[in-house]
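J.: coords.txt is the file, holding compact mmCIF, C-alpha atoms:
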# COMPACT_ATOMS: atom_id res chain seq x y z
CA MET A 1 166.35 -275.15 -85.45
CA VAL A 2 169.04 -272.65 -84.48
CA GLU A 3 169.40 -269.90 -87.07
CA LEU A 4 172.77 -268.18 -87.30
CA LYS A 5 172.65 -264.52 -88.32
CA THR A 6 174.79 -262.71 -90.88
CA PRO A 7 176.71 -259.56 -89.85
CA ASP A 8 174.09 -257.47 -91.68
CA GLU A 9 171.27 -259.17 -89.79
CA ILE A 10 173.07 -258.63 -86.49
CA ASP A 11 173.39 -254.93 -87.36
CA LYS A 12 169.61 -254.83 -87.87
CA MET A 13 169.08 -256.45 -84.48
CA ARG A 14 171.38 -253.82 -83.00
CA VAL A 15 169.03 -251.10 -84.30
CA THR A 16 166.19 -252.75 -82.40
CA GLY A 17 168.38 -253.36 -79.37
CA GLN A 18 169.45 -249.74 -79.14
CA PHE A 19 165.78 -248.72 -79.15
CA VAL A 20 165.01 -251.22 -76.38
CA GLY A 21 167.97 -249.98 -74.35
CA GLN A 22 166.88 -246.37 -74.78
CA ILE A 23 163.35 -247.06 -73.57
CA LEU A 24 164.68 -248.90 -70.51
CA ALA A 25 166.97 -245.95 -69.78
CA GLU A 26 163.91 -243.67 -69.92
CA LEU A 27 162.00 -245.98 -67.59
CA ARG A 28 164.90 -245.91 -65.12
CA GLU A 29 164.46 -242.15 -64.87
CA ARG A 30 160.67 -242.35 -64.61
CA ALA A 31 160.54 -245.09 -61.95
CA GLN A 32 160.24 -242.80 -58.94
CA VAL A 33 158.27 -242.85 -55.70
CA GLY A 34 154.65 -241.93 -56.46
CA VAL A 35 154.67 -243.09 -60.10
CA ASN A 36 151.98 -245.54 -61.19
CA LEU A 37 153.05 -248.67 -63.06
CA LEU A 38 150.35 -247.95 -65.63
CA ASP A 39 152.08 -244.64 -66.44
CA LEU A 40 155.26 -246.58 -67.27
CA GLU A 41 153.25 -248.93 -69.48
CA LEU A 42 151.67 -246.01 -71.32
CA HIS A 43 155.08 -244.43 -71.90
CA VAL A 44 156.32 -247.62 -73.55
CA ARG A 45 153.21 -247.83 -75.72
CA ARG A 46 153.75 -244.26 -76.93
CA ARG A 47 157.42 -244.82 -77.70
CA ILE A 48 156.72 -248.01 -79.65
CA GLN A 49 153.98 -246.31 -81.65
CA GLU A 50 156.17 -243.29 -82.41
CA ARG A 51 158.94 -245.56 -83.67
CA GLY A 52 156.60 -247.65 -85.82
CA ALA A 53 157.84 -250.71 -83.93
CA LYS A 54 155.96 -253.74 -82.64
CA SER A 55 155.68 -255.03 -79.09
CA CYS A 56 156.71 -258.67 -78.73
CA TYR A 57 154.45 -258.95 -75.68
CA TRP A 58 151.14 -257.65 -77.01
CA ASP A 59 148.89 -260.65 -77.72
CA TYR A 60 151.65 -263.04 -76.56
CA SER A 61 149.97 -266.33 -75.60
CA PRO A 62 152.49 -268.93 -74.38
CA SER A 63 151.46 -272.13 -72.62
CA PHE A 64 152.60 -270.83 -69.23
CA GLY A 65 150.55 -267.61 -69.25
CA ARG A 66 146.87 -266.74 -69.16
CA GLY A 67 146.98 -265.16 -72.59
CA PRO A 68 146.80 -263.00 -74.45
CA PHE A 69 149.19 -260.57 -72.72
CA ARG A 70 147.78 -257.11 -73.38
CA ASN A 71 150.66 -254.88 -72.34
CA THR A 72 153.97 -253.79 -73.86
CA VAL A 73 156.35 -254.14 -70.91
CA CYS A 74 156.68 -256.55 -67.98
CA LEU A 75 156.81 -254.70 -64.65
CA SER A 76 157.60 -256.89 -61.63
CA VAL A 77 157.68 -255.43 -58.11
CA ASN A 78 159.49 -256.80 -55.04
CA ASP A 79 158.74 -260.55 -54.81
CA ALA A 80 157.62 -260.59 -58.48
CA VAL A 81 160.46 -261.40 -60.85
CA LEU A 82 159.19 -262.36 -64.31
CA HIS A 83 156.24 -261.60 -66.60
CA GLY A 84 154.91 -258.93 -64.25
CA LEU A 85 151.54 -257.74 -65.52
CA PRO A 86 151.33 -253.93 -65.17
CA PHE A 87 148.51 -252.91 -62.84
CA ASP A 88 147.25 -249.95 -60.86
CA TYR A 89 150.08 -249.71 -58.34
CA VAL A 90 151.90 -246.59 -57.12
CA LEU A 91 155.61 -247.14 -56.50
CA ARG A 92 156.76 -246.79 -52.89
CA ASP A 93 160.07 -245.93 -51.29
CA GLY A 94 162.34 -248.99 -51.35
CA ASP A 95 160.40 -250.96 -53.97
CA VAL A 96 162.46 -253.24 -56.20
CA LEU A 97 161.20 -252.94 -59.77
CA THR A 98 162.18 -255.15 -62.70
CA MET A 99 161.39 -253.82 -66.17
CA ASP A 100 161.58 -256.33 -69.03
CA LEU A 101 161.08 -255.20 -72.63
CA ALA A 102 161.06 -256.99 -75.99
CA VAL A 103 160.37 -255.15 -79.24
CA GLU A 104 160.56 -255.80 -82.98
CA VAL A 105 161.76 -253.19 -85.47
CA ASP A 106 161.61 -254.02 -89.17
CA GLY A 107 161.17 -257.71 -88.40
CA TRP A 108 164.03 -258.10 -85.91
CA ALA A 109 163.60 -258.56 -82.16
CA ALA A 110 165.64 -257.58 -79.12
CA ASP A 111 164.99 -258.30 -75.43
CA SER A 112 166.46 -256.74 -72.29
CA ALA A 113 165.65 -256.29 -68.61
CA VAL A 114 166.89 -254.13 -65.74
CA THR A 115 166.08 -254.03 -62.05
CA VAL A 116 166.04 -250.72 -60.18
CA ILE A 117 165.43 -249.76 -56.58
CA VAL A 118 162.92 -246.95 -56.15
CA GLY A 119 163.84 -244.24 -53.67
CA THR A 120 165.93 -245.35 -50.69
CA PRO A 121 167.65 -248.70 -51.34
CA ALA A 122 168.05 -251.43 -48.74
CA GLU A 123 171.55 -252.88 -48.67
CA ALA A 124 170.29 -256.43 -49.15
CA ASP A 125 168.35 -255.38 -52.25
CA GLN A 126 171.39 -253.60 -53.66
CA ARG A 127 173.44 -256.78 -53.26
CA LEU A 128 170.77 -258.85 -54.99
CA VAL A 129 170.50 -256.52 -57.98
CA ALA A 130 174.28 -256.26 -58.25
CA ALA A 131 174.58 -260.06 -58.24
CA THR A 132 172.31 -260.41 -61.28
CA GLU A 133 174.33 -257.74 -63.09
CA GLU A 134 177.57 -259.50 -62.16
CA ALA A 135 176.16 -262.83 -63.36
CA LEU A 136 175.08 -261.28 -66.66
CA ALA A 137 178.54 -259.83 -67.25
CA ALA A 138 180.19 -263.17 -66.42
CA ALA A 139 177.86 -265.02 -68.78
CA ILE A 140 178.41 -262.58 -71.63
CA GLU A 141 182.18 -262.88 -71.21
CA VAL A 142 182.14 -266.62 -72.01
CA ALA A 143 179.73 -266.29 -74.96
CA VAL A 144 182.43 -266.83 -77.58
CA PRO A 145 182.79 -269.26 -80.50
CA GLY A 146 183.88 -272.70 -79.35
CA ASN A 147 182.37 -272.48 -75.90
CA ARG A 148 179.03 -274.11 -75.09
CA VAL A 149 175.70 -273.14 -73.60
CA GLY A 150 176.76 -274.91 -70.42
CA ASP A 151 179.60 -272.42 -70.02
CA ILE A 152 177.09 -269.56 -69.98
CA SER A 153 174.86 -271.38 -67.48
CA ALA A 154 177.80 -272.32 -65.26
CA ALA A 155 179.05 -268.72 -65.21
CA ILE A 156 175.67 -267.50 -63.98
CA ALA A 157 175.43 -270.22 -61.35
CA ALA A 158 178.94 -269.54 -60.05
CA VAL A 159 178.01 -265.94 -59.27
CA ALA A 160 174.72 -266.95 -57.63
CA ARG A 161 176.45 -269.49 -55.40
CA ALA A 162 179.24 -267.08 -54.51
CA HIS A 163 176.60 -264.69 -53.17
CA GLY A 164 174.50 -267.42 -51.54
CA TYR A 165 171.45 -267.12 -53.79
CA PRO A 166 169.37 -270.16 -54.82
CA ILE A 167 168.97 -270.87 -58.54
CA ASN A 168 165.81 -271.64 -60.50
CA THR A 169 166.17 -273.24 -63.94
CA GLU A 170 162.54 -273.18 -65.11
CA PHE A 171 162.94 -269.86 -66.89
CA GLY A 172 166.14 -268.55 -68.41
CA GLY A 173 167.74 -267.24 -71.56
CA HIS A 174 166.79 -268.11 -75.12
CA GLY A 175 167.54 -267.71 -78.78
CA ILE A 176 166.24 -264.54 -80.39
CA GLY A 177 166.19 -262.94 -83.82
CA ARG A 178 163.22 -262.89 -86.17
CA THR A 179 161.02 -263.59 -83.15
CA MET A 180 161.39 -263.00 -79.42
CA HIS A 181 161.86 -266.69 -78.60
CA GLU A 182 163.91 -268.91 -80.90
CA ASP A 183 165.53 -272.27 -80.28
CA LEU A 184 168.02 -272.71 -77.46
CA HIS A 185 167.06 -272.58 -73.82
CA ILE A 186 169.82 -271.17 -71.63
CA PRO A 187 169.19 -272.19 -68.00
CA ASN A 188 170.76 -270.23 -65.17
CA ASP A 189 172.61 -273.32 -63.96
CA GLY A 190 174.55 -275.93 -65.88
CA ARG A 191 177.83 -277.73 -66.45
CA ALA A 192 180.68 -276.04 -68.27
CA GLY A 193 181.68 -277.72 -71.50
CA ARG A 194 178.22 -279.22 -72.08
CA GLY A 195 175.39 -278.35 -74.42
CA PHE A 196 175.09 -276.60 -77.77
CA LYS A 197 178.37 -275.31 -79.19
CA LEU A 198 178.43 -271.54 -79.61
CA ARG A 199 179.11 -270.36 -83.16
CA ARG A 200 179.59 -267.07 -84.94
CA GLY A 201 176.23 -265.53 -85.77
CA LEU A 202 174.35 -266.99 -82.80
CA THR A 203 172.05 -264.40 -81.20
CA ILE A 204 170.73 -265.06 -77.72
CA ALA A 205 169.15 -263.34 -74.75
CA ILE A 206 170.95 -264.08 -71.48
CA GLU A 207 168.90 -263.39 -68.36
CA PRO A 208 170.05 -264.30 -64.87
CA TRP A 209 167.40 -263.77 -62.23
CA PHE A 210 167.54 -264.61 -58.55
CA ALA A 211 165.25 -264.60 -55.54
CA ALA A 212 166.97 -263.84 -52.27
CA THR A 213 166.07 -266.99 -50.33
CA THR A 214 164.26 -269.50 -52.54
CA ASP A 215 164.53 -271.29 -55.88
CA ARG A 216 160.77 -271.81 -56.13
CA ILE A 217 158.22 -269.58 -57.83
CA PHE A 218 154.46 -269.48 -58.25
CA VAL A 219 152.05 -267.81 -60.66
CA ASP A 220 150.06 -264.85 -59.39
CA PRO A 221 146.24 -264.93 -59.65
CA ASP A 222 146.61 -262.59 -62.67
CA GLY A 223 147.83 -265.65 -64.57
CA TRP A 224 151.14 -264.09 -65.60
CA THR A 225 153.25 -262.61 -62.81
CA LEU A 226 155.81 -265.03 -61.35
CA ARG A 227 156.65 -264.50 -57.67
CA SER A 228 159.12 -266.01 -55.25
CA ALA A 229 157.48 -268.79 -53.25
CA ASP A 230 158.51 -267.32 -49.90
CA GLY A 231 157.89 -263.66 -50.65
CA SER A 232 161.57 -262.76 -50.78
CA ARG A 233 162.85 -259.96 -53.00
CA THR A 234 163.94 -260.70 -56.55
CA ALA A 235 166.05 -259.18 -59.32
CA HIS A 236 166.60 -259.80 -63.04
CA SER A 237 169.16 -258.54 -65.58
CA GLU A 238 169.12 -259.30 -69.31
CA HIS A 239 170.83 -258.40 -72.58
CA THR A 240 170.49 -259.63 -76.14
CA ILE A 241 173.93 -260.47 -77.52
CA ALA A 242 175.54 -261.81 -80.69
CA VAL A 243 178.39 -264.32 -80.71
CA THR A 244 181.11 -263.02 -83.04
CA ASP A 245 184.73 -263.79 -83.84
CA GLU A 246 185.66 -260.49 -82.18
CA GLY A 247 183.91 -261.47 -78.96
CA PRO A 248 180.37 -261.09 -77.62
CA ARG A 249 178.52 -258.07 -78.98
CA ILE A 250 175.87 -256.60 -76.69
CA LEU A 251 172.96 -255.48 -78.87
CA THR A 252 170.69 -253.88 -76.25
CA LEU A 253 172.86 -251.04 -75.00
CA ALA A 254 171.18 -247.65 -75.20
CA ALA A 255 174.04 -246.13 -77.20
Would you write out, as structure tokens, the structure that this file holds?
T.:
Amino acid sequence: MVELKTPDEIDKMRVTGQFVGQILAELRERAQVGVNLLDLELHVRRRIQERGAKSCYWDYSPSFGRGPFRNTVCLSVNDAVLHGLPFDYVLRDGDVLTMDLAVEVDGWAADSAVTVIVGTPAEADQRLVAATEEALAAAIEVAVPGNRVGDISAAIAAVARAHGYPINTEFGGHGIGRTMHEDLHIPNDGRAGRGFKLRRGLTIAIEPWFAATTDRIFVDPDGWTLRSADGSRTAHSEHTIAVTDEGPRILTLAA
């Protein structure tokens, strides 16, 4: 069942979203050559504890993972794109790092992801990251009352195809609100004008992610981390948004 949120409830989600955005901004600054992924994980744990918030990932046990997940942030490096399990790894020059964070504050969830390039960026990696950001912006733009989920999916796919990136539809966006995952799956490819009709009060996480040269993924031996099947670099961008009569409202901006 899709639950539409009141303006007051959306404001509460914005409080959570701002916190998520702030932590990701802090991680952007901390993700430098020589930093261990576990140090980033510990920073997120401290920030969540200080805020009196709750990690949406800790003890998460979905059917596709080897649960329970015992970390507070997903950290995916290079060919890893989703559900990256933090481990003892020191970031190197040129690494592509995706940081995905979902938190609850006072019973309301928000979910966001950013991809950064550590140290000296390769041009191909810059293009890949920029494409996911462009796709996210295009998808948010069409998230207005009267449009449909297919319009969001088609907007993402149009950007991917324009840049020559394959598209995987196994994992994508989703409803969000009282929990991290609510009804509505939002694939990263679809037909405009099809699917669930967007209405005022709908809150969703939109998350385009691309691998440079494949649409196939596999699960790492850790049981969680999803990697590109051919080892190519990956990138992922995500925001939680609300559909409103005034246009899409991004809830996971830092300020």
J.: For a quick check of understanding, using all atoms listed in the file, which of A:Thr98, A:Asn168, A:Thr72, A:Thr234 has the smallest distance to A:Ser153?
T.: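 Using all atoms listed in the file, A:Ser153 sits closest to A:Asn168.
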J.: In Å, how far is it from atom CA of A:Glu29 to atom CA of A:Glu141?
T.: 28.0 Å
J.: My list of candidates is A:Gly146, A:Gly173, A:Gly84, A:Gly94. Which is closest to A:Thr225 when distances are computed with all atoms listed in the file?
T.: A:Gly84
J.: If we count all atoms listed in the file and set the cut-off at 12 Å, which residues sit around A:Gly67, ignoring sequence neighbours fewer than 6 positions away in its own chain? Please answer as a list in words.
T.: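 Contacts, with the query itself left out: Tyr57, Trp58, Asp59, Tyr60, Ser61, His83, Leu85, Asp222, Gly223, Trp224 and Thr225 of chain A.
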J.: How far is it from atom CA of A:Leu24 to atom CA of A:Ile204, in Å with one decimal?
T.: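 Value for the atom CA of A:Leu24-atom CA of A:Ile204 distance: 18.7 Å.
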J.: Check the smallest atom-to-atom distance from each of A:Glu104, A:Glu50, A:Asp189, A:Asp220 to A:Leu82 using only C-alpha atoms, then report the winner.
T.: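 Looking only at the distances to A:Leu82, the closest residue turns out to be A:Asp220.
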J.: Excluding same-chain residues fewer than 6 positions from A:Glu123, what lies within 12 Å of it counting only C-alpha atoms, as an MDAnalysis selection string?
T.: chainID A and resid 94 96 117 129:130
J.: Quick one: residues within 10 Å of (166.4, -261.2, -81.4) (file frame), counting only C-alpha atoms, please, as a compact mmCIF listing (two decimals) with C-alpha atoms, keeping the file's coordinate frame.
T.:
# COMPACT_ATOMS: atom_id res chain seq x y z
CA LYS A 5 172.65 -264.52 -88.32
CA GLU A 9 171.27 -259.17 -89.79
CA ILE A 10 173.07 -258.63 -86.49
CA LYS A 12 169.61 -254.83 -87.87
CA MET A 13 169.08 -256.45 -84.48
CA ARG A 14 171.38 -253.82 -83.00
CA THR A 16 166.19 -252.75 -82.40
CA GLY A 17 168.38 -253.36 -79.37
CA ALA A 102 161.06 -256.99 -75.99
CA VAL A 103 160.37 -255.15 -79.24
CA GLU A 104 160.56 -255.80 -82.98
CA GLY A 107 161.17 -257.71 -88.40
CA TRP A 108 164.03 -258.10 -85.91
CA ALA A 109 163.60 -258.56 -82.16
CA ALA A 110 165.64 -257.58 -79.12
CA ASP A 111 164.99 -258.30 -75.43
CA HIS A 174 166.79 -268.11 -75.12
CA GLY A 175 167.54 -267.71 -78.78
CA ILE A 176 166.24 -264.54 -80.39
CA GLY A 177 166.19 -262.94 -83.82
CA ARG A 178 163.22 -262.89 -86.17
CA THR A 179 161.02 -263.59 -83.15
CA MET A 180 161.39 -263.00 -79.42
CA HIS A 181 161.86 -266.69 -78.60
CA GLU A 182 163.91 -268.91 -80.90
CA LEU A 202 174.35 -266.99 -82.80
CA THR A 203 172.05 -264.40 -81.20
CA ILE A 204 170.73 -265.06 -77.72
CA ALA A 205 169.15 -263.34 -74.75
CA THR A 240 170.49 -259.63 -76.14
CA ILE A 241 173.93 -260.47 -77.52
CA ALA A 242 175.54 -261.81 -80.69
CA LEU A 251 172.96 -255.48 -78.87
CA THR A 252 170.69 -253.88 -76.25
J.: Would you fill out stretch 145-156 of chain A with all heavy atoms and return it as a PDB file, in the coordinates of the input?
T.:
ATOM      1  N   PRO A 145     182.766-268.049 -79.674  1.00  0.00           N
ATOM      2  CA  PRO A 145     182.790-269.260 -80.500  1.00  0.00           C
ATOM      3  C   PRO A 145     183.660-270.348 -79.880  1.00  0.00           C
ATOM      4  O   PRO A 145     184.756-270.081 -79.379  1.00  0.00           O
ATOM      5  CB  PRO A 145     183.382-268.762 -81.819  1.00  0.00           C
ATOM      6  CG  PRO A 145     183.037-267.311 -81.872  1.00  0.00           C
ATOM      7  CD  PRO A 145     183.136-266.840 -80.446  1.00  0.00           C
ATOM      8  N   GLY A 146     183.144-271.560 -79.904  1.00  0.00           N
ATOM      9  CA  GLY A 146     183.880-272.700 -79.350  1.00  0.00           C
ATOM     10  C   GLY A 146     183.446-273.090 -77.968  1.00  0.00           C
ATOM     11  O   GLY A 146     183.575-274.264 -77.579  1.00  0.00           O
ATOM     12  N   ASN A 147     182.944-272.134 -77.186  1.00  0.00           N
ATOM     13  CA  ASN A 147     182.370-272.480 -75.900  1.00  0.00           C
ATOM     14  C   ASN A 147     180.980-273.075 -76.096  1.00  0.00           C
ATOM     15  O   ASN A 147     180.487-273.171 -77.216  1.00  0.00           O
ATOM     16  CB  ASN A 147     182.309-271.258 -74.988  1.00  0.00           C
ATOM     17  CG  ASN A 147     183.625-270.973 -74.297  1.00  0.00           C
ATOM     18  OD1 ASN A 147     184.567-271.762 -74.396  1.00  0.00           O
ATOM     19  ND2 ASN A 147     183.719-269.835 -73.627  1.00  0.00           N
ATOM     20  N   ARG A 148     180.342-273.457 -75.001  1.00  0.00           N
ATOM     21  CA  ARG A 148     179.030-274.110 -75.090  1.00  0.00           C
ATOM     22  C   ARG A 148     178.027-273.413 -74.182  1.00  0.00           C
ATOM     23  O   ARG A 148     178.406-272.624 -73.293  1.00  0.00           O
ATOM     24  CB  ARG A 148     179.170-275.593 -74.736  1.00  0.00           C
ATOM     25  CG  ARG A 148     180.031-276.359 -75.754  1.00  0.00           C
ATOM     26  CD  ARG A 148     180.132-277.838 -75.438  1.00  0.00           C
ATOM     27  NE  ARG A 148     180.930-278.538 -76.458  1.00  0.00           N
ATOM     28  CZ  ARG A 148     180.437-279.039 -77.596  1.00  0.00           C
ATOM     29  NH1 ARG A 148     179.134-278.930 -77.850  1.00  0.00           N
ATOM     30  NH2 ARG A 148     181.214-279.651 -78.459  1.00  0.00           N
ATOM     31  N   VAL A 149     176.757-273.729 -74.421  1.00  0.00           N
ATOM     32  CA  VAL A 149     175.700-273.140 -73.600  1.00  0.00           C
ATOM     33  C   VAL A 149     175.949-273.408 -72.123  1.00  0.00           C
ATOM     34  O   VAL A 149     175.712-272.558 -71.265  1.00  0.00           O
ATOM     35  CB  VAL A 149     174.319-273.687 -74.028  1.00  0.00           C
ATOM     36  CG1 VAL A 149     173.258-273.373 -72.975  1.00  0.00           C
ATOM     37  CG2 VAL A 149     173.905-273.084 -75.366  1.00  0.00           C
ATOM     38  N   GLY A 150     176.466-274.592 -71.815  1.00  0.00           N
ATOM     39  CA  GLY A 150     176.760-274.910 -70.420  1.00  0.00           C
ATOM     40  C   GLY A 150     177.748-273.971 -69.777  1.00  0.00           C
ATOM     41  O   GLY A 150     177.707-273.750 -68.563  1.00  0.00           O
ATOM     42  N   ASP A 151     178.645-273.390 -70.567  1.00  0.00           N
ATOM     43  CA  ASP A 151     179.600-272.420 -70.020  1.00  0.00           C
ATOM     44  C   ASP A 151     178.879-271.148 -69.577  1.00  0.00           C
ATOM     45  O   ASP A 151     179.230-270.548 -68.552  1.00  0.00           O
ATOM     46  CB  ASP A 151     180.660-272.087 -71.066  1.00  0.00           C
ATOM     47  CG  ASP A 151     181.538-273.280 -71.407  1.00  0.00           C
ATOM     48  OD1 ASP A 151     182.187-273.817 -70.495  1.00  0.00           O
ATOM     49  OD2 ASP A 151     181.566-273.680 -72.581  1.00  0.00           O
ATOM     50  N   ILE A 152     177.882-270.725 -70.357  1.00  0.00           N
ATOM     51  CA  ILE A 152     177.090-269.560 -69.980  1.00  0.00           C
ATOM     52  C   ILE A 152     176.317-269.850 -68.690  1.00  0.00           C
ATOM     53  O   ILE A 152     176.334-269.065 -67.737  1.00  0.00           O
ATOM     54  CB  ILE A 152     176.120-269.181 -71.115  1.00  0.00           C
ATOM     55  CG1 ILE A 152     176.902-268.733 -72.352  1.00  0.00           C
ATOM     56  CG2 ILE A 152     175.144-268.100 -70.658  1.00  0.00           C
ATOM     57  CD1 ILE A 152     176.025-268.471 -73.569  1.00  0.00           C
ATOM     58  N   SER A 153     175.648-271.004 -68.655  1.00  0.00           N
ATOM     59  CA  SER A 153     174.860-271.380 -67.480  1.00  0.00           C
ATOM     60  C   SER A 153     175.731-271.507 -66.239  1.00  0.00           C
ATOM     61  O   SER A 153     175.359-271.051 -65.145  1.00  0.00           O
ATOM     62  CB  SER A 153     174.134-272.699 -67.753  1.00  0.00           C
ATOM     63  OG  SER A 153     173.281-272.593 -68.862  1.00  0.00           O
ATOM     64  N   ALA A 154     176.896-272.126 -66.397  1.00  0.00           N
ATOM     65  CA  ALA A 154     177.800-272.320 -65.260  1.00  0.00           C
ATOM     66  C   ALA A 154     178.323-270.990 -64.733  1.00  0.00           C
ATOM     67  O   ALA A 154     178.509-270.820 -63.511  1.00  0.00           O
ATOM     68  CB  ALA A 154     178.957-273.229 -65.661  1.00  0.00           C
ATOM     69  N   ALA A 155     178.560-270.036 -65.634  1.00  0.00           N
ATOM     70  CA  ALA A 155     179.050-268.720 -65.210  1.00  0.00           C
ATOM     71  C   ALA A 155     178.009-268.005 -64.364  1.00  0.00           C
ATOM     72  O   ALA A 155     178.333-267.374 -63.350  1.00  0.00           O
ATOM     73  CB  ALA A 155     179.412-267.893 -66.438  1.00  0.00           C
ATOM     74  N   ILE A 156     176.745-268.106 -64.765  1.00  0.00           N
ATOM     75  CA  ILE A 156     175.670-267.500 -63.980  1.00  0.00           C
ATOM     76  C   ILE A 156     175.568-268.157 -62.611  1.00  0.00           C
ATOM     77  O   ILE A 156     175.490-267.485 -61.574  1.00  0.00           O
ATOM     78  CB  ILE A 156     174.336-267.619 -64.736  1.00  0.00           C
ATOM     79  CG1 ILE A 156     174.359-266.766 -66.003  1.00  0.00           C
ATOM     80  CG2 ILE A 156     173.158-267.223 -63.831  1.00  0.00           C
ATOM     81  CD1 ILE A 156     173.184-267.002 -66.931  1.00  0.00           C
TER      82      ILE A 156
END
